[in-house]
Amino acid sequence: MFDNCVRFEIPTHSKDWYKFRTIGIEEYPGGIGGSETGKILGLDEYRPVLAEVFHHKVGSEQINKFDNLPMCMGRILEPTVMHFWQCYNGDNEEMIDTYEQWKKTKDDSLLVRRAKNVDCYLVNPKFPWLFTSLDFAIDKGQPNLITGEILEEECPLEIKTISPMAAKRWDDGIPPKYAVQVNQQMIVTETNYAEIAVLVGSNDFKVYKFERDEELCERILQETKDFWFGKVLPGRKHLKYRDAALSKNKMDIYEKFEGKIQHLEPEPDTTKAWQNYLNEKHKVEREFVEGSKFDLRNAKKYKSVDSVIKALEKRKQMYKNYLLDSIVENKVEELDLLKHGKVTYTGTKSKRLNISIKKPDKKHVEVEVSKIKDYLYDEE
């Protein structure tokens with residue numbers, strides 16, 4: 001299975017497991033995993049942020065050993081979701097019938113498709129700065145659900161368990177970070193097809209099919225390579241000199257290499273996760289320090305954008321009031337928007353306006369946002 005890869009069998013959440021994923025182990029100096037790749041490409045808004053990933057890989061910050069109920073339940077449910085996938089033929093009701101029969105008889109001839117567990121990390125010597133951990137591998141001989149052709153090689157199968165609330169983020173398509181994750185898996189395994197099986201709460205099951213996106217794969221290879229060789233490895237070198245200086249109490253040299261590490265740290269982005277990370281890092285040592293012209297300009301940009309947002313919020317409220325007025329005037333709970341969607345105004349304790357129409361194209365939104373000036377002050 002995936003003979004082009006080196007296998008590392010490491011117990012989950014063991015000491016070596018954390019080291020493998022961060023600073024590396026004796027047999028492997030570490031690399032970038034599939035779930036981290038989306039962060040490097042700027043497509044993941046959750047913790048850890050890219051700065052944390054950088055420091056974890058360098059070794060300048062320790063990874064927090066954490067777990068929670070959703071993560072734990074996800075691991076527990078993985079085999080069950082995989083069994084659903086093995087019984088899936090495109091119809092959920094037929095899948096349930098097949099699953100119940102298979103569960104009673106353990107007759108594998110009832111299974112529609114086959115997959116096997118991949119209990120290890122995979123590293124391809126062609127791309128040593130990348131590693132992947134597959135949930136399962138689709139057996140060769142199974143159908144490609146996009147083309148209908150028979151797979152001549154084993155392929156990645158990713159398992160996800162998500163809440164109904166989280167599923168709303170999938171309404172406009174699979175979140176980009178997951179498309180990046182499976183394409184990274186296809187890079188490492190040198191395959192051209194992958195699937196994600198998703199259990200939504202306890203009432204829906206979906207299968208997403210992927211063929212290798214060569215343009216995305218090229219971007220993954222380039223940006224992860226730049227991050228690893230341009231930031232992580234130089235950061236490790238600086239860390240070595242920094243710690244050596246600290247051991248000799250040479251604080252001027254220590255500060256020099258600490259500064260070099262901080263200079264390599266990725267820049268903040270617009271997410272709440274970055275704000276939370278920076279809040280955690282903030283330790284007050286003195287009451288104030290004089291800011292720079294760069295700080296002043298960023299403060300003005302912040303106030304400019306904040307003023308524009310408040311103006312847009314007023315405009316948003318105006319359109320909401322127009323819709324409410326139409327609902328009240330017609331004495332209805334729902335407006336049919338000329339077959340393009342609907343507006344509803346319902347609720348038991350408190351009524352809520354819900355507008356169900358297709359969102360504008362993201363590219364169009366980006367174009368319009370780019371026209372808005374983020375500096376509304378006169379130059380001084």
# chains A, B, ... in the order shown; residues from 1 in each chain; ligands from 1
>>> residues_around(residues="A:Lys116", least_positions_apart="4", cutoff="7 Å", atoms="only C-alpha atoms", output="PyMOL selection string")
chain A and resi 136-139
>>> select_by_dssp(residues="stretch 64-152 of chain A", states="helix (DSSP H, G or I)", output="number ranges by chain")
A: 69-86, 92-105, 108-110
>>> write_last_selection(atoms="N, CA and C atoms", output="tab-separated table (two decimals), in the first residue's frame")
chain	number	residue	atom	x	y	z
A	69	LEU	N	-14.44	16.89	23.39
A	69	LEU	CA	-15.46	15.87	23.10
A	69	LEU	C	-15.71	15.70	21.60
A	70	PRO	N	-15.87	16.79	20.81
A	70	PRO	CA	-16.07	16.59	19.37
A	70	PRO	C	-14.92	15.83	18.70
A	71	MET	N	-13.67	16.15	19.08
A	71	MET	CA	-12.52	15.47	18.51
A	71	MET	C	-12.51	13.99	18.91
A	72	CYS	N	-12.79	13.75	20.19
A	72	CYS	CA	-12.81	12.37	20.69
A	72	CYS	C	-13.91	11.57	20.00
A	73	MET	N	-15.12	12.16	19.91
A	73	MET	CA	-16.23	11.46	19.26
A	73	MET	C	-15.94	11.24	17.79
A	74	GLY	N	-15.26	12.19	17.17
A	74	GLY	CA	-14.89	12.02	15.76
A	74	GLY	C	-14.03	10.80	15.55
A	75	ARG	N	-13.04	10.59	16.44
A	75	ARG	CA	-12.17	9.41	16.32
A	75	ARG	C	-12.96	8.13	16.57
A	76	ILE	N	-13.86	8.16	17.55
A	76	ILE	CA	-14.66	6.98	17.87
A	76	ILE	C	-15.58	6.61	16.70
A	77	LEU	N	-16.13	7.64	16.05
A	77	LEU	CA	-17.11	7.40	14.99
A	77	LEU	C	-16.48	7.10	13.63
A	78	GLU	N	-15.18	7.35	13.49
A	78	GLU	CA	-14.53	7.15	12.19
A	78	GLU	C	-14.81	5.77	11.59
A	79	PRO	N	-14.62	4.66	12.34
A	79	PRO	CA	-14.88	3.35	11.75
A	79	PRO	C	-16.34	3.17	11.32
A	80	THR	N	-17.28	3.73	12.09
A	80	THR	CA	-18.69	3.62	11.74
A	80	THR	C	-18.99	4.37	10.46
A	81	VAL	N	-18.44	5.59	10.34
A	81	VAL	CA	-18.65	6.38	9.12
A	81	VAL	C	-18.05	5.66	7.92
A	82	MET	N	-16.89	5.03	8.12
A	82	MET	CA	-16.27	4.27	7.04
A	82	MET	C	-17.15	3.10	6.62
A	83	HIS	N	-17.78	2.45	7.60
A	83	HIS	CA	-18.68	1.34	7.27
A	83	HIS	C	-19.90	1.85	6.49
A	84	PHE	N	-20.41	3.04	6.87
A	84	PHE	CA	-21.49	3.64	6.08
A	84	PHE	C	-21.02	3.83	4.64
A	85	TRP	N	-19.81	4.37	4.51
A	85	TRP	CA	-19.25	4.62	3.18
A	85	TRP	C	-19.17	3.33	2.37
A	86	GLN	N	-18.81	2.23	3.01
A	86	GLN	CA	-18.70	0.95	2.30
A	86	GLN	C	-20.06	0.45	1.81
A	92	ASN	N	-29.13	7.25	0.59
A	92	ASN	CA	-28.94	7.04	2.03
A	92	ASN	C	-29.83	5.95	2.61
A	93	GLU	N	-31.06	5.84	2.12
A	93	GLU	CA	-31.97	4.81	2.64
A	93	GLU	C	-31.46	3.41	2.29
A	94	GLU	N	-31.01	3.23	1.06
A	94	GLU	CA	-30.45	1.93	0.67
A	94	GLU	C	-29.17	1.65	1.44
A	95	MET	N	-28.37	2.72	1.71
A	95	MET	CA	-27.15	2.56	2.49
A	95	MET	C	-27.47	2.02	3.88
A	96	ILE	N	-28.50	2.57	4.51
A	96	ILE	CA	-28.88	2.13	5.86
A	96	ILE	C	-29.31	0.67	5.85
A	97	ASP	N	-30.11	0.29	4.87
A	97	ASP	CA	-30.56	-1.12	4.77
A	97	ASP	C	-29.37	-2.05	4.62
A	98	THR	N	-28.45	-1.69	3.72
A	98	THR	CA	-27.27	-2.52	3.50
A	98	THR	C	-26.42	-2.60	4.76
A	99	TYR	N	-26.26	-1.45	5.43
A	99	TYR	CA	-25.45	-1.42	6.65
A	99	TYR	C	-26.05	-2.31	7.73
A	100	GLU	N	-27.37	-2.24	7.92
A	100	GLU	CA	-28.02	-3.06	8.95
A	100	GLU	C	-27.86	-4.55	8.64
A	101	GLN	N	-28.00	-4.93	7.37
A	101	GLN	CA	-27.82	-6.34	7.00
A	101	GLN	C	-26.39	-6.77	7.22
A	102	TRP	N	-25.44	-5.93	6.81
A	102	TRP	CA	-24.02	-6.27	6.99
A	102	TRP	C	-23.67	-6.37	8.46
A	103	LYS	N	-24.22	-5.46	9.26
A	103	LYS	CA	-23.93	-5.46	10.69
A	103	LYS	C	-24.40	-6.75	11.36
A	104	LYS	N	-25.53	-7.27	10.91
A	104	LYS	CA	-26.07	-8.51	11.49
A	104	LYS	C	-25.29	-9.74	11.03
A	105	THR	N	-24.94	-9.76	9.75
A	105	THR	CA	-24.37	-10.99	9.16
A	105	THR	C	-22.85	-10.95	9.02
A	108	ASP	N	-19.33	-9.70	3.98
A	108	ASP	CA	-18.69	-8.63	3.22
A	108	ASP	C	-19.14	-8.56	1.76
A	109	SER	N	-19.82	-9.59	1.30
A	109	SER	CA	-20.31	-9.55	-0.08
A	109	SER	C	-21.44	-8.52	-0.22
A	110	LEU	N	-22.01	-8.09	0.90
A	110	LEU	CA	-23.06	-7.07	0.86
A	110	LEU	C	-22.50	-5.68	0.64
>>> residues_around(residues="stretch 212-225 of chain A", least_positions_apart="6", cutoff="8 Å", atoms="only C-alpha atoms", output="PyMOL selection string")
chain A and resi 32+37+40-41+129-130+180+183-184+186-187+191-194
>>> select_by_dssp(residues="stretch 36-215 of chain A", states="strand (DSSP E or B)", output="PyMOL selection string")
chain A and resi 115-117+121-123+130+132+136-138+143+150+155-162+193-200+204-211
>>> write_last_selection(atoms="N, CA and C atoms", output="short mmCIF file (atom, residue, chain, number, x, y, z; two decimals), in the first residue's frame")
data_model
loop_
_atom_site.label_atom_id
_atom_site.label_comp_id
_atom_site.auth_asym_id
_atom_site.auth_seq_id
_atom_site.Cartn_x
_atom_site.Cartn_y
_atom_site.Cartn_z
N ALA A 115 -12.63 -0.33 1.76
CA ALA A 115 -11.54 0.54 2.17
C ALA A 115 -10.81 -0.12 3.32
N LYS A 116 -9.57 0.27 3.54
CA LYS A 116 -8.78 -0.31 4.63
C LYS A 116 -8.18 0.79 5.49
N ASN A 117 -7.87 0.47 6.74
CA ASN A 117 -7.28 1.40 7.67
C ASN A 117 -5.82 1.70 7.28
N TYR A 121 1.87 7.41 9.47
CA TYR A 121 2.17 8.61 8.71
C TYR A 121 2.89 8.19 7.43
N LEU A 122 2.63 8.91 6.36
CA LEU A 122 3.26 8.62 5.08
C LEU A 122 4.11 9.82 4.64
N VAL A 123 5.33 9.54 4.21
CA VAL A 123 6.23 10.57 3.70
C VAL A 123 6.78 10.11 2.36
N LEU A 130 6.68 17.29 3.27
CA LEU A 130 5.26 17.02 3.46
C LEU A 130 5.07 15.65 4.08
N THR A 132 1.58 13.00 5.45
CA THR A 132 0.13 12.88 5.52
C THR A 132 -0.25 11.71 6.39
N PHE A 136 -8.38 6.45 5.92
CA PHE A 136 -8.51 5.14 5.29
C PHE A 136 -8.01 5.24 3.85
N ALA A 137 -7.85 4.10 3.21
CA ALA A 137 -7.47 4.04 1.79
C ALA A 137 -8.53 3.26 1.03
N ILE A 138 -9.03 3.85 -0.04
CA ILE A 138 -9.98 3.15 -0.91
C ILE A 138 -9.24 2.05 -1.65
N PRO A 143 -15.00 1.71 -7.92
CA PRO A 143 -15.31 2.70 -8.96
C PRO A 143 -14.93 4.11 -8.58
N ILE A 150 -12.83 2.14 -13.14
CA ILE A 150 -12.33 1.35 -12.01
C ILE A 150 -10.96 1.88 -11.59
N CYS A 155 -6.50 4.86 -3.06
CA CYS A 155 -6.66 6.31 -3.01
C CYS A 155 -7.11 6.76 -1.62
N PRO A 156 -6.83 8.02 -1.26
CA PRO A 156 -7.20 8.52 0.06
C PRO A 156 -8.70 8.61 0.28
N LEU A 157 -9.11 8.24 1.50
CA LEU A 157 -10.49 8.42 1.96
C LEU A 157 -10.44 9.15 3.29
N GLU A 158 -10.97 10.36 3.32
CA GLU A 158 -10.98 11.18 4.52
C GLU A 158 -12.36 11.09 5.18
N ILE A 159 -12.39 11.04 6.49
CA ILE A 159 -13.63 10.95 7.24
C ILE A 159 -13.83 12.23 8.04
N LYS A 160 -15.04 12.79 7.99
CA LYS A 160 -15.36 13.97 8.78
C LYS A 160 -16.69 13.74 9.50
N THR A 161 -16.75 14.17 10.76
CA THR A 161 -18.01 14.22 11.50
C THR A 161 -18.22 15.67 11.91
N ILE A 162 -19.32 16.28 11.46
CA ILE A 162 -19.54 17.70 11.72
C ILE A 162 -20.94 17.91 12.27
N TYR A 193 -7.17 10.58 -7.29
CA TYR A 193 -8.58 10.56 -6.89
C TYR A 193 -8.66 10.42 -5.38
N ALA A 194 -9.68 11.04 -4.77
CA ALA A 194 -9.87 10.93 -3.33
C ALA A 194 -11.33 11.23 -3.01
N GLU A 195 -11.75 10.85 -1.81
CA GLU A 195 -13.12 11.12 -1.37
C GLU A 195 -13.12 11.57 0.08
N ILE A 196 -14.15 12.33 0.44
CA ILE A 196 -14.41 12.67 1.84
C ILE A 196 -15.81 12.18 2.17
N ALA A 197 -15.93 11.35 3.21
CA ALA A 197 -17.23 10.90 3.70
C ALA A 197 -17.56 11.72 4.94
N VAL A 198 -18.76 12.33 4.94
CA VAL A 198 -19.12 13.26 6.00
C VAL A 198 -20.41 12.82 6.68
N LEU A 199 -20.35 12.65 7.99
CA LEU A 199 -21.55 12.42 8.80
C LEU A 199 -21.94 13.75 9.41
N VAL A 200 -23.12 14.23 9.07
CA VAL A 200 -23.61 15.53 9.56
C VAL A 200 -24.56 15.29 10.72
N ASP A 204 -27.66 13.04 8.54
CA ASP A 204 -27.33 13.17 7.12
C ASP A 204 -25.94 12.59 6.85
N PHE A 205 -25.76 12.07 5.66
CA PHE A 205 -24.49 11.47 5.25
C PHE A 205 -24.22 11.89 3.82
N LYS A 206 -23.00 12.37 3.57
CA LYS A 206 -22.65 12.82 2.23
C LYS A 206 -21.27 12.32 1.85
N VAL A 207 -21.06 12.15 0.55
CA VAL A 207 -19.75 11.76 0.04
C VAL A 207 -19.34 12.78 -1.02
N TYR A 208 -18.16 13.36 -0.83
CA TYR A 208 -17.60 14.34 -1.77
C TYR A 208 -16.47 13.68 -2.55
N LYS A 209 -16.49 13.86 -3.87
CA LYS A 209 -15.51 13.22 -4.74
C LYS A 209 -14.53 14.26 -5.31
N PHE A 210 -13.26 13.87 -5.41
CA PHE A 210 -12.24 14.79 -5.89
C PHE A 210 -11.33 14.12 -6.91
N GLU A 211 -11.10 14.80 -8.01
CA GLU A 211 -10.00 14.43 -8.88
C GLU A 211 -8.88 15.43 -8.65
#
>>> closest_residue(among="A:Lys310, A:His340, A:Lys168, A:Lys301", to="A:Lys358", atoms="only C-alpha atoms")
A:His340
>>> residues_around(residues="A:Lys281", least_positions_apart="6", cutoff="12 Å", atoms="only C-alpha atoms", output="PyMOL selection string")
chain A and resi 51-52+61+274-275
>>> closest_residue(among="A:Arg7, A:Arg113, A:Arg47, A:Lys362", to="A:Ser133", atoms="only C-alpha atoms")
A:Arg7
>>> atom_distance(atom1="atom CA of A:Lys240", atom2="atom CA of A:Leu50")
21.4 Å
>>> residues_around(residues="A:Phe2", least_positions_apart="2", cutoff="7 Å", atoms="only C-alpha atoms", output="count of residues only")
3
>>> residues_around(residues="stretch 319-335 of chain A", least_positions_apart="2", cutoff="7 Å", atoms="only C-alpha atoms", output="list in words")
Arg315, Lys316, Gln317, Leu337, Lys342, Val343, Thr344, Tyr345 and Thr346 of chain A
>>> write_last_selection(atoms="N, CA and C atoms", output="PDB file, in the first residue's frame")
ATOM      1  N   ARG A 315     -27.023  50.812   6.054  1.00  0.00           N
ATOM      2  CA  ARG A 315     -27.646  50.506   4.758  1.00  0.00           C
ATOM      3  C   ARG A 315     -28.271  49.115   4.790  1.00  0.00           C
ATOM      4  N   LYS A 316     -27.584  48.164   5.423  1.00  0.00           N
ATOM      5  CA  LYS A 316     -28.109  46.809   5.563  1.00  0.00           C
ATOM      6  C   LYS A 316     -29.432  46.819   6.333  1.00  0.00           C
ATOM      7  N   GLN A 317     -29.489  47.607   7.418  1.00  0.00           N
ATOM      8  CA  GLN A 317     -30.708  47.707   8.217  1.00  0.00           C
ATOM      9  C   GLN A 317     -31.846  48.311   7.402  1.00  0.00           C
ATOM     10  N   LEU A 337     -39.366  35.035  -3.672  1.00  0.00           N
ATOM     11  CA  LEU A 337     -38.570  35.985  -4.434  1.00  0.00           C
ATOM     12  C   LEU A 337     -38.439  35.587  -5.897  1.00  0.00           C
ATOM     13  N   LYS A 342     -36.392  32.863  -1.023  1.00  0.00           N
ATOM     14  CA  LYS A 342     -37.507  33.335  -0.212  1.00  0.00           C
ATOM     15  C   LYS A 342     -37.003  34.130   0.989  1.00  0.00           C
ATOM     16  N   VAL A 343     -37.927  34.920   1.548  1.00  0.00           N
ATOM     17  CA  VAL A 343     -37.692  35.633   2.800  1.00  0.00           C
ATOM     18  C   VAL A 343     -38.757  35.191   3.781  1.00  0.00           C
ATOM     19  N   THR A 344     -38.342  34.742   4.961  1.00  0.00           N
ATOM     20  CA  THR A 344     -39.296  34.310   5.975  1.00  0.00           C
ATOM     21  C   THR A 344     -39.131  35.161   7.225  1.00  0.00           C
ATOM     22  N   TYR A 345     -40.242  35.322   7.929  1.00  0.00           N
ATOM     23  CA  TYR A 345     -40.244  36.072   9.190  1.00  0.00           C
ATOM     24  C   TYR A 345     -41.076  35.287  10.186  1.00  0.00           C
ATOM     25  N   THR A 346     -40.423  34.380  10.890  1.00  0.00           N
ATOM     26  CA  THR A 346     -41.124  33.464  11.783  1.00  0.00           C
ATOM     27  C   THR A 346     -40.371  33.325  13.099  1.00  0.00           C
TER      28      THR A 346
END
>>> residues_around(residues="stretch 364-376 of chain A", least_positions_apart="6", cutoff="8 Å", atoms="only C-alpha atoms", output="VMD selection string")
chain A and resid 300 to 302 304 to 305
>>> write_last_selection(atoms="N, CA and C atoms", output="CSV table (one decimal), in the first residue's frame")
chain,number,residue,atom,x,y,z
A,300,LYS,N,-5.3,54.6,11.9
A,300,LYS,CA,-6.2,55.4,11.1
A,300,LYS,C,-7.0,54.5,10.1
A,301,LYS,N,-6.3,53.5,9.6
A,301,LYS,CA,-6.9,52.5,8.7
A,301,LYS,C,-8.0,51.8,9.4
A,302,TYR,N,-7.7,51.4,10.6
A,302,TYR,CA,-8.7,50.7,11.4
A,302,TYR,C,-10.0,51.5,11.6
A,304,SER,N,-10.9,54.0,9.8
A,304,SER,CA,-11.5,54.3,8.5
A,304,SER,C,-12.5,53.1,8.1
A,305,VAL,N,-11.9,51.9,8.2
A,305,VAL,CA,-12.7,50.7,7.9
A,305,VAL,C,-13.9,50.5,8.9
>>> decode(residues="stretch 97-118 of chain A", atoms="N, CA and C atoms", output="compact mmCIF listing (two decimals), in the first residue's frame")
# COMPACT_ATOMS: atom_id res chain seq x y z
N ASP A 97 -30.11 0.29 4.87
CA ASP A 97 -30.56 -1.12 4.77
C ASP A 97 -29.37 -2.05 4.62
N THR A 98 -28.45 -1.69 3.72
CA THR A 98 -27.27 -2.52 3.50
C THR A 98 -26.42 -2.60 4.76
N TYR A 99 -26.26 -1.45 5.43
CA TYR A 99 -25.45 -1.42 6.65
C TYR A 99 -26.05 -2.31 7.73
N GLU A 100 -27.37 -2.24 7.92
CA GLU A 100 -28.02 -3.06 8.95
C GLU A 100 -27.86 -4.55 8.64
N GLN A 101 -28.00 -4.93 7.37
CA GLN A 101 -27.82 -6.34 7.00
C GLN A 101 -26.39 -6.77 7.22
N TRP A 102 -25.44 -5.93 6.81
CA TRP A 102 -24.02 -6.27 6.99
C TRP A 102 -23.67 -6.37 8.46
N LYS A 103 -24.22 -5.46 9.26
CA LYS A 103 -23.93 -5.46 10.69
C LYS A 103 -24.40 -6.75 11.36
N LYS A 104 -25.53 -7.27 10.91
CA LYS A 104 -26.07 -8.51 11.49
C LYS A 104 -25.29 -9.74 11.03
N THR A 105 -24.94 -9.76 9.75
CA THR A 105 -24.37 -10.99 9.16
C THR A 105 -22.85 -10.95 9.02
N LYS A 106 -22.27 -9.74 8.99
CA LYS A 106 -20.84 -9.56 8.71
C LYS A 106 -20.45 -10.18 7.37
N ASP A 107 -21.43 -10.22 6.46
CA ASP A 107 -21.21 -10.76 5.12
C ASP A 107 -20.65 -9.64 4.24
N ASP A 108 -19.33 -9.70 3.98
CA ASP A 108 -18.69 -8.63 3.22
C ASP A 108 -19.14 -8.56 1.76
N SER A 109 -19.82 -9.59 1.30
CA SER A 109 -20.31 -9.55 -0.08
C SER A 109 -21.44 -8.52 -0.22
N LEU A 110 -22.01 -8.09 0.90
CA LEU A 110 -23.06 -7.07 0.86
C LEU A 110 -22.50 -5.68 0.64
N LEU A 111 -21.22 -5.50 0.91
CA LEU A 111 -20.62 -4.18 0.82
C LEU A 111 -20.54 -3.69 -0.62
N VAL A 112 -20.84 -2.44 -0.79
CA VAL A 112 -20.81 -1.84 -2.13
C VAL A 112 -19.39 -1.48 -2.53
N ARG A 113 -18.60 -1.03 -1.54
CA ARG A 113 -17.23 -0.60 -1.80
C ARG A 113 -16.35 -1.06 -0.65
N ARG A 114 -15.03 -0.97 -0.83
CA ARG A 114 -14.10 -1.45 0.19
C ARG A 114 -13.03 -0.39 0.48
N ALA A 115 -12.63 -0.33 1.76
CA ALA A 115 -11.54 0.54 2.17
C ALA A 115 -10.81 -0.12 3.32
N LYS A 116 -9.57 0.27 3.54
CA LYS A 116 -8.78 -0.31 4.63
C LYS A 116 -8.18 0.79 5.49
N ASN A 117 -7.87 0.47 6.74
CA ASN A 117 -7.28 1.40 7.67
C ASN A 117 -5.82 1.70 7.28
N VAL A 118 -5.39 2.95 7.50
CA VAL A 118 -4.00 3.34 7.25
C VAL A 118 -3.48 3.94 8.56
